[in-house]
$ cat query_27.csv   # CSV, C-alpha atoms and all ligand atoms
chain,number,residue,atom,x,y,z
A,1,MET,CA,4.0,-22.2,-20.6
A,2,VAL,CA,2.2,-19.2,-19.2
A,3,GLU,CA,2.5,-16.1,-21.4
A,4,SER,CA,1.0,-13.5,-19.2
A,5,VAL,CA,-0.3,-13.0,-15.6
A,6,ARG,CA,-2.5,-10.3,-14.1
A,7,VAL,CA,-2.4,-9.4,-10.5
A,8,GLN,CA,-4.1,-6.7,-8.4
A,9,ALA,CA,-2.2,-5.3,-5.4
A,10,PRO,CA,-3.8,-3.3,-2.7
A,11,ALA,CA,-3.0,0.0,-1.0
A,12,LYS,CA,-2.4,0.0,2.8
A,13,VAL,CA,-3.3,2.2,5.7
A,14,ASN,CA,-1.6,2.0,9.2
A,15,LEU,CA,-4.2,2.0,11.9
A,16,ALA,CA,-1.4,2.5,14.4
A,17,LEU,CA,2.1,3.7,13.6
A,18,LEU,CA,4.4,3.9,16.6
A,19,VAL,CA,8.0,5.0,15.8
A,20,GLY,CA,11.0,4.2,17.9
A,21,GLY,CA,14.7,4.5,17.6
A,22,VAL,CA,16.9,4.3,14.5
A,23,ASP,CA,18.8,1.1,13.6
A,24,GLN,CA,22.3,1.0,12.1
A,25,SER,CA,21.0,1.3,8.5
A,26,GLY,CA,19.0,4.4,9.4
A,27,TYR,CA,15.6,2.6,9.5
A,28,HIS,CA,13.3,3.3,12.4
A,29,GLU,CA,11.9,0.5,14.7
A,30,LEU,CA,8.2,0.4,14.2
A,31,GLY,CA,5.2,-1.0,16.0
A,32,THR,CA,2.4,-0.8,13.5
A,33,VAL,CA,-0.9,-2.3,12.5
A,34,PHE,CA,-1.3,-2.4,8.7
A,35,GLN,CA,-4.6,-2.9,6.9
A,36,ALA,CA,-4.9,-3.6,3.1
A,37,VAL,CA,-7.7,-1.6,1.6
A,38,SER,CA,-9.7,-1.9,-1.7
A,39,ILE,CA,-7.7,0.6,-3.8
A,40,PHE,CA,-5.7,-1.5,-6.3
A,41,ASP,CA,-2.9,-1.1,-8.7
A,42,ARG,CA,-3.2,-3.6,-11.6
A,43,ILE,CA,0.0,-5.3,-12.7
A,44,GLU,CA,0.3,-7.4,-15.9
A,45,VAL,CA,3.4,-9.3,-16.7
A,46,LYS,CA,4.2,-10.8,-20.1
A,47,ASP,CA,7.0,-13.1,-21.2
A,48,ALA,CA,10.0,-11.4,-22.7
A,49,PRO,CA,13.4,-12.6,-23.9
A,50,ALA,CA,16.1,-13.4,-21.4
A,51,GLY,CA,17.6,-10.3,-19.9
A,52,VAL,CA,14.7,-8.0,-20.9
A,53,PHE,CA,13.1,-6.2,-17.9
A,54,GLU,CA,10.7,-3.5,-19.2
A,55,LEU,CA,8.0,-1.4,-17.6
A,56,ALA,CA,5.1,0.7,-18.9
A,57,ILE,CA,2.9,2.7,-16.5
A,58,SER,CA,-0.6,4.1,-17.1
A,59,GLY,CA,-3.1,5.9,-14.9
A,60,PRO,CA,-3.1,9.1,-12.9
A,61,GLY,CA,0.4,10.4,-12.3
A,62,GLN,CA,1.9,8.0,-14.9
A,63,ASP,CA,4.5,10.6,-16.0
A,64,GLU,CA,5.8,11.2,-12.4
A,65,LEU,CA,7.2,7.7,-12.1
A,66,PRO,CA,10.4,6.3,-13.5
A,67,THR,CA,10.1,3.1,-15.6
A,68,ASP,CA,13.8,2.1,-15.3
A,69,ASP,CA,15.7,0.3,-12.5
A,70,ARG,CA,14.7,3.1,-10.1
A,71,ASN,CA,11.2,1.7,-10.2
A,72,LEU,CA,10.5,-0.8,-7.4
A,73,ALA,CA,8.6,-3.1,-9.8
A,74,ILE,CA,11.6,-3.6,-12.0
A,75,ARG,CA,13.8,-4.1,-9.0
A,76,ALA,CA,11.3,-6.7,-7.7
A,77,ALA,CA,11.4,-8.7,-11.0
A,78,ARG,CA,15.2,-8.6,-11.0
A,79,THR,CA,15.4,-9.6,-7.4
A,80,LEU,CA,13.1,-12.6,-7.9
A,81,ALA,CA,15.0,-13.6,-11.0
A,82,GLY,CA,18.3,-13.4,-9.1
A,83,HIS,CA,16.9,-15.2,-6.1
A,84,CYS,CA,15.5,-18.1,-8.2
A,85,LYS,CA,18.4,-18.1,-10.7
A,86,VAL,CA,16.0,-17.3,-13.6
A,87,THR,CA,18.4,-16.6,-16.5
A,88,ASP,CA,16.5,-17.7,-19.6
A,89,ARG,CA,13.4,-15.5,-19.2
A,90,GLY,CA,12.7,-11.8,-19.1
A,91,VAL,CA,9.5,-9.8,-18.4
A,92,ALA,CA,7.5,-6.9,-19.8
A,93,ILE,CA,5.5,-5.3,-16.9
A,94,ARG,CA,2.5,-3.1,-17.3
A,95,ILE,CA,1.1,-1.3,-14.3
A,96,HIS,CA,-2.2,0.6,-14.2
A,97,LYS,CA,-2.1,2.9,-11.2
A,98,GLN,CA,-5.0,3.7,-9.0
A,99,ILE,CA,-3.2,4.0,-5.7
A,100,PRO,CA,-2.2,7.6,-5.3
A,101,ILE,CA,1.5,8.4,-5.7
A,102,ALA,CA,3.7,9.5,-2.8
A,103,ALA,CA,0.6,9.4,-0.7
A,104,GLY,CA,1.5,7.3,2.3
A,105,MET,CA,-0.5,4.3,0.9
A,106,ALA,CA,2.4,2.1,-0.2
A,107,GLY,CA,1.7,2.5,-4.0
A,108,GLY,CA,5.3,1.7,-5.0
A,109,SER,CA,5.5,-1.2,-2.5
A,110,ALA,CA,2.2,-2.6,-3.9
A,111,ASP,CA,3.6,-2.6,-7.4
A,112,ALA,CA,6.7,-4.5,-6.1
A,113,ALA,CA,4.5,-7.0,-4.3
A,114,GLY,CA,2.3,-7.5,-7.4
A,115,THR,CA,5.3,-7.9,-9.6
A,116,LEU,CA,6.8,-10.6,-7.3
A,117,VAL,CA,3.5,-12.6,-7.3
A,118,ALA,CA,3.0,-12.2,-11.0
A,119,CYS,CA,6.5,-13.0,-12.1
A,120,SER,CA,6.6,-16.0,-9.8
A,121,GLN,CA,3.6,-17.4,-11.7
A,122,LEU,CA,4.9,-16.3,-15.1
A,123,TRP,CA,8.2,-18.0,-14.6
A,124,GLY,CA,6.5,-21.1,-13.1
A,125,LEU,CA,8.6,-20.8,-9.9
A,126,GLU,CA,6.0,-22.2,-7.5
A,127,LEU,CA,7.2,-20.2,-4.6
A,128,GLU,CA,5.2,-20.3,-1.4
A,129,HIS,CA,3.4,-17.0,-0.6
A,130,ASP,CA,5.5,-16.9,2.6
A,131,GLU,CA,8.7,-16.9,0.6
A,132,LEU,CA,7.5,-14.0,-1.5
A,133,VAL,CA,6.6,-12.1,1.7
A,134,ARG,CA,10.2,-12.7,3.0
A,135,LEU,CA,11.7,-11.7,-0.3
A,136,GLY,CA,9.7,-8.5,-0.3
A,137,ALA,CA,11.7,-7.3,2.7
A,138,VAL,CA,14.7,-6.9,0.5
A,139,LEU,CA,12.9,-4.4,-1.6
A,140,GLY,CA,11.3,-2.2,1.1
A,141,ALA,CA,9.8,-2.1,4.5
A,142,ASP,CA,6.1,-2.2,3.3
A,143,VAL,CA,6.5,-4.7,0.5
A,144,PRO,CA,6.1,-7.9,2.7
A,145,PHE,CA,2.7,-6.5,4.0
A,146,CYS,CA,1.6,-5.7,0.4
A,147,VAL,CA,2.2,-9.4,-0.5
A,148,LEU,CA,0.5,-10.6,2.7
A,149,GLY,CA,-2.5,-8.3,2.9
A,150,GLY,CA,-5.4,-8.5,5.4
A,151,THR,CA,-4.6,-6.9,8.7
A,152,ALA,CA,-1.3,-7.5,10.4
A,153,ILE,CA,1.0,-6.2,13.1
A,154,GLY,CA,4.4,-5.0,11.7
A,155,ARG,CA,7.5,-5.0,13.9
A,156,ALA,CA,11.2,-4.2,13.4
A,157,ARG,CA,11.2,-2.0,10.2
A,158,GLY,CA,7.5,-2.9,9.7
A,159,ASP,CA,8.5,-6.0,7.8
A,160,LEU,CA,8.2,-8.6,10.6
A,161,LEU,CA,4.6,-9.5,10.3
A,162,THR,CA,2.0,-11.2,12.4
A,163,PRO,CA,-1.5,-11.5,10.9
A,164,VAL,CA,-4.3,-10.1,13.1
A,165,ARG,CA,-7.8,-11.6,13.3
A,166,THR,CA,-10.6,-9.2,12.5
A,167,THR,CA,-14.3,-9.2,12.4
A,168,GLY,CA,-16.2,-7.4,9.6
A,169,LYS,CA,-15.2,-4.8,7.1
A,170,LEU,CA,-14.1,-1.3,7.8
A,171,HIS,CA,-15.3,1.6,5.7
A,172,TRP,CA,-12.6,4.1,4.9
A,173,VAL,CA,-12.4,7.5,3.2
A,174,PHE,CA,-9.0,8.6,1.9
A,175,ALA,CA,-8.5,12.3,1.1
A,176,THR,CA,-5.5,12.9,-1.1
A,177,SER,CA,-3.4,16.0,-1.7
A,178,ALA,CA,-2.2,17.4,-5.0
A,179,VAL,CA,1.4,17.4,-3.7
A,180,GLY,CA,3.0,14.3,-2.3
A,181,LEU,CA,5.2,13.9,0.7
A,182,SER,CA,8.6,12.1,0.8
A,183,THR,CA,8.7,9.3,3.4
A,184,PRO,CA,12.4,9.8,4.2
A,185,GLU,CA,11.8,13.5,4.6
A,186,VAL,CA,8.9,12.9,7.1
A,187,PHE,CA,11.0,10.4,9.1
A,188,ARG,CA,13.9,13.0,9.1
A,189,ARG,CA,11.5,15.7,10.5
A,190,PHE,CA,10.2,13.2,13.0
A,191,ASP,CA,13.8,12.7,14.3
A,192,GLN,CA,14.2,16.5,14.6
A,193,LEU,CA,10.9,17.0,16.4
A,194,SER,CA,10.4,13.9,18.6
A,195,PRO,CA,12.4,11.8,20.9
A,196,ALA,CA,12.3,8.0,20.1
A,197,ARG,CA,9.1,6.6,21.5
A,198,SER,CA,7.8,3.2,22.7
A,199,THR,CA,6.7,0.9,19.9
A,200,THR,CA,4.5,-1.2,22.1
A,201,LEU,CA,1.0,-1.4,20.6
A,202,GLY,CA,-1.9,-0.9,23.0
A,203,SER,CA,-4.4,-3.8,23.3
A,204,GLU,CA,-7.6,-1.7,22.7
A,205,LEU,CA,-7.0,-1.4,18.9
A,206,LEU,CA,-6.4,-5.1,18.5
A,207,ALA,CA,-9.4,-5.9,20.7
A,208,GLY,CA,-11.6,-3.7,18.6
A,209,LEU,CA,-10.4,-5.3,15.4
A,210,GLU,CA,-11.0,-8.8,16.8
A,211,THR,CA,-14.6,-8.0,17.9
A,212,GLY,CA,-15.4,-5.6,15.0
A,213,ASP,CA,-16.1,-2.7,17.4
A,214,VAL,CA,-15.6,0.2,15.0
A,215,SER,CA,-15.9,2.9,17.7
A,216,MET,CA,-13.1,1.2,19.7
A,217,ILE,CA,-11.0,1.0,16.6
A,218,ALA,CA,-11.7,4.6,15.7
A,219,GLY,CA,-10.8,5.8,19.2
A,220,ASN,CA,-7.4,4.1,19.0
A,221,LEU,CA,-6.1,5.2,15.6
A,222,THR,CA,-2.7,6.7,16.1
A,223,ASN,CA,0.2,7.8,14.0
A,224,ASP,CA,3.5,9.1,15.5
A,225,LEU,CA,4.4,10.6,12.1
A,226,GLU,CA,1.5,12.9,12.1
A,227,LEU,CA,3.3,15.6,14.0
A,228,ALA,CA,6.2,15.6,11.5
A,229,ALA,CA,4.0,15.6,8.5
A,230,LEU,CA,1.8,18.4,9.8
A,231,ASP,CA,4.9,20.4,10.5
A,232,LEU,CA,5.9,20.0,6.9
A,233,ARG,CA,2.3,20.5,5.6
A,234,PRO,CA,0.3,22.5,8.2
A,235,GLU,CA,-2.7,22.7,5.9
A,236,LEU,CA,-3.5,19.0,6.5
A,237,ALA,CA,-4.6,19.7,10.1
A,238,GLU,CA,-7.8,21.3,8.7
A,239,VAL,CA,-8.5,18.2,6.6
A,240,LEU,CA,-8.2,16.0,9.6
A,241,ASP,CA,-10.4,18.3,11.7
A,242,ARG,CA,-13.0,18.7,9.0
A,243,GLY,CA,-13.4,14.9,8.5
A,244,ARG,CA,-14.1,14.4,12.1
A,245,GLU,CA,-16.5,17.4,12.2
A,246,VAL,CA,-18.6,16.0,9.3
A,247,GLY,CA,-19.1,12.6,10.8
A,248,ALA,CA,-16.0,10.4,10.6
A,249,LEU,CA,-15.6,8.2,13.6
A,250,GLY,CA,-11.9,8.8,13.6
A,251,GLY,CA,-9.2,10.1,11.3
A,252,LEU,CA,-5.4,10.0,11.0
A,253,LEU,CA,-2.6,10.6,8.6
A,254,SER,CA,-2.1,7.5,6.3
A,255,GLY,CA,1.5,6.3,6.8
A,256,SER,CA,3.9,9.2,6.2
A,257,GLY,CA,1.1,11.2,4.5
A,258,PRO,CA,-0.1,13.5,3.0
A,259,THR,CA,-3.2,11.4,2.5
A,260,CYS,CA,-5.7,11.7,5.4
A,261,ALA,CA,-7.6,8.5,6.3
A,262,PHE,CA,-11.0,8.5,7.9
A,263,LEU,CA,-12.9,5.6,9.4
A,264,VAL,CA,-16.7,5.9,9.0
A,265,SER,CA,-19.6,3.8,10.1
A,266,ASP,CA,-21.0,2.7,6.7
A,267,ALA,CA,-21.2,3.4,2.9
A,268,ASP,CA,-23.6,6.3,3.4
A,269,ALA,CA,-21.4,8.0,5.9
A,270,ALA,CA,-18.4,7.5,3.5
A,271,GLU,CA,-20.3,9.3,0.8
A,272,ALA,CA,-21.3,12.1,3.1
A,273,VAL,CA,-17.8,12.6,4.6
A,274,SER,CA,-16.2,12.6,1.2
A,275,ARG,CA,-18.7,15.0,-0.2
A,276,GLU,CA,-17.7,17.6,2.4
A,277,LEU,CA,-14.0,16.9,2.2
A,278,ARG,CA,-13.9,17.4,-1.5
A,279,LYS,CA,-14.9,21.0,-0.9
A,280,LEU,CA,-11.6,21.7,0.8
A,281,PRO,CA,-9.0,23.3,-1.5
A,282,GLN,CA,-6.2,21.1,-0.1
A,283,VAL,CA,-8.1,17.9,-1.0
A,284,LYS,CA,-7.4,16.6,-4.5
A,285,GLU,CA,-9.6,13.6,-4.5
A,286,CYS,CA,-11.5,11.3,-2.1
A,287,PHE,CA,-11.4,7.5,-2.4
A,288,LEU,CA,-13.9,5.2,-0.7
A,289,ALA,CA,-12.5,1.8,0.3
A,290,LEU,CA,-13.2,-1.3,2.4
A,291,GLY,CA,-10.6,-3.1,4.4
A,292,PRO,CA,-9.3,-5.6,5.0
A,293,VAL,CA,-8.7,-7.1,1.5
A,294,PRO,CA,-6.2,-9.8,0.5
A,295,GLY,CA,-2.7,-8.9,-0.5
A,296,ALA,CA,-1.3,-9.0,-4.1
A,297,ARG,CA,-3.1,-11.9,-5.9
A,298,ALA,CA,-3.8,-13.1,-9.4
A,299,GLN,CA,-7.4,-12.4,-10.2
A,300,GLY,CA,-9.3,-15.4,-11.5
A,301,TRP,CA,-6.2,-16.6,-13.1
A,302,GLN,CA,-6.0,-20.2,-14.1
A,303,ALA,CA,-2.8,-21.8,-15.2
A,304,HIS,CA,-4.0,-22.9,-18.6
A,305,GLN,CA,-6.5,-20.2,-19.4
A,306,PRO,CA,-5.4,-16.7,-20.3
A,307,LEU,CA,-7.5,-14.0,-18.8
A,308,SER,CA,-9.8,-11.8,-20.8
A,309,SER,CA,-10.0,-8.2,-19.6
A,310,THR,CA,-13.7,-8.7,-18.5
A,311,GLU,CA,-12.7,-11.4,-16.0
A,312,PHE,CA,-10.5,-8.9,-14.2
A,313,VAL,CA,-11.8,-6.8,-11.4
A,314,GLY,CA,-12.2,-3.3,-12.9
A,315,ASP,CA,-11.3,-2.2,-16.3
A,316,TRP,CA,-7.9,-2.1,-18.0
A,317,PRO,CA,-7.3,1.0,-20.0
A,318,HIS,CA,-6.6,0.6,-23.7
A,319,GLY,CA,-8.8,-2.5,-24.0
A,320,GLY,CA,-6.6,-4.8,-21.9
B,401,LIG,O1,11.7,0.7,2.9
B,401,LIG,P1,11.2,1.9,2.1
B,401,LIG,O2,12.1,2.2,1.0
B,401,LIG,O3,9.8,1.8,1.8
B,401,LIG,O4,11.4,3.1,3.1
B,401,LIG,C1,11.4,4.4,2.7
B,401,LIG,C2,12.1,5.3,3.7
B,401,LIG,O5,11.3,5.5,4.8
B,401,LIG,C3,13.4,4.8,4.1
B,401,LIG,O6,14.5,5.1,3.3
B,401,LIG,C4,13.6,5.5,5.5
B,401,LIG,O7,14.0,6.8,5.3
B,401,LIG,C5,12.1,5.5,6.0
B,401,LIG,N1,11.8,4.4,6.9
B,401,LIG,C6,12.3,4.4,8.1
B,401,LIG,N2,12.0,3.3,9.0
B,401,LIG,C7,11.2,2.3,8.6
B,401,LIG,C8,10.6,2.4,7.3
B,401,LIG,C9,10.9,3.4,6.4
B,401,LIG,O8,13.1,5.3,8.5
B,401,LIG,N3,10.9,1.3,9.4
$ encode --input "query_27.csv" --output "structure tokens" --more "lines below"
Ligand code: C5P
Amino acid sequence: MVESVRVQAPAKVNLALLVGGVDQSGYHELGTVFQAVSIFDRIEVKDAPAGVFELAISGPGQDELPTDDRNLAIRAARTLAGHCKVTDRGVAIRIHKQIPIAAGMAGGSADAAGTLVACSQLWGLELEHDELVRLGAVLGADVPFCVLGGTAIGRARGDLLTPVRTTGKLHWVFATSAVGLSTPEVFRRFDQLSPARSTTLGSELLAGLETGDVSMIAGNLTNDLELAALDLRPELAEVLDRGREVGALGGLLSGSGPTCAFLVSDADAAEAVSRELRKLPQVKECFLALGPVPGARAQGWQAHQPLSSTEFVGDWPHGG
């Protein structure tokens, strides 16, 4: 029996985010292109007695997050147990956060995705990855993509996914803010400010992704939520402008914000752009990342061989 499993789950950025009308449950129809990027939350699950669902969180912002049933990771474990009728096992989840919180980078969804993948292995459920992708939609609109990873078109709520073929790696700079933004609040402001729009994605972005034409990708980055987020947080406009001035090929708000995402030509440009952005008072931190990366996956995990912390990508705090 497996006693513990470690998974890393990536953040996401939306290269295009087109927002349409609202469905009966209040969700907006989306036409979006997701990309998973190399900023990871690490999730470790350990066997626990039946009925025990526990969570501990470490890393930046650890005190801001609930560790009870309000946390999407706990809900993911319970949902998987319910779906697969697991009644004789529980789980103790430990999450080390690196994905910024309330930042428009799907941190909570990544934790849910990682928990689904990890618990599926812990409990020996042998679910296909596709089934975990589908199950993710019960938990939140971004969870299926966080399981799938790579680059994908998202339709409906963003949960109906079609993988996109890409060439090469993109270099990203993410500039975070000290104060997060609430996704529902940004969508609400969008509804107040903007009429429903078309969610049909243009072909240029997808062509650029397929051929690896970074300029074409950069010229077609778009986010309908930007207007609403900038209305709530006008100071972010300067961050977007500054990033472009100091050499980014393109920039946009990441998801519902407040993180600003910049596409740059290479690692040197990423360093140069982030150096300048860090000087702005409204920028808390800059993260450099590559995309696309795979979705939530066990790292080097083998069924009969428990992981030592050194085999894991990056360090676990507290000695793993
Ligand atoms: O699905 P998730 O809980 O991540 O979504 C957070 C919130 O974002 C929703 O409660 C909703 O207000 C908004 N949302 C939306 N339309 C979508 C996705 C999210 O209105 N397609």
$ residues_near_ligand --input "query_27.csv" --ligand "ligand LIG 401 (chain B)" --cutoff "6 Å" --atoms "all atoms listed in the file" --output "list in words"
Tyr27, His28, Glu29, Leu30, Gly140, Ala141, Asp142, Arg157, Gly158, Thr183, Pro184 and Phe187 of chain A
$ closest_residue --input "query_27.csv" --among "A:Arg188, A:Arg70, A:Lys12, A:Arg89" --to "Ala48 of chain A" --atoms "only C-alpha atoms"
A:Arg89
$ atom_distance --input "query_27.csv" --atom1 "atom CA of Pro294 of chain A" --atom2 "atom CA of Ile217 of chain A"
20.0 Å
$ atom_distance --input "query_27.csv" --atom1 "atom CA of Arg134 of chain A" --atom2 "atom CA of Ala113 of chain A"
10.9 Å
$ residues_around --input "query_27.csv" --residues "segment 170-175 of chain A" --least-positions-apart "4" --cutoff "9 Å" --atoms "all atoms listed in the file" --output "PyMOL selection string"
chain A and resi 37+212+214+239+248+254+258-267+269-271+273-274+277-278+283-292
$ residues_near_point --input "query_27.csv" --point "(8.7, -12.0, 10.3)" --cutoff "10 Å" --atoms "all atoms listed in the file" --output "list in words"
Asp130, Val133, Arg134, Ala137, Pro144, Gly154, Arg155, Ala156, Gly158, Asp159, Leu160, Leu161 and Thr162 of chain A
$ closest_residue --input "query_27.csv" --among "A:Asp241, A:Asp268, A:Asp68, A:Glu226" --to "Phe53 of chain A" --atoms "only C-alpha atoms"
A:Asp68
$ closest_residue --input "query_27.csv" --among "A:Arg165, A:Arg233, A:Arg94, A:Arg78" --to "Gln8 of chain A" --atoms "all atoms listed in the file"
A:Arg94
$ atom_distance --input "query_27.csv" --atom1 "atom CA of Gly51 of chain A" --atom2 "atom CA of Asp88 of chain A"
7.5 Å
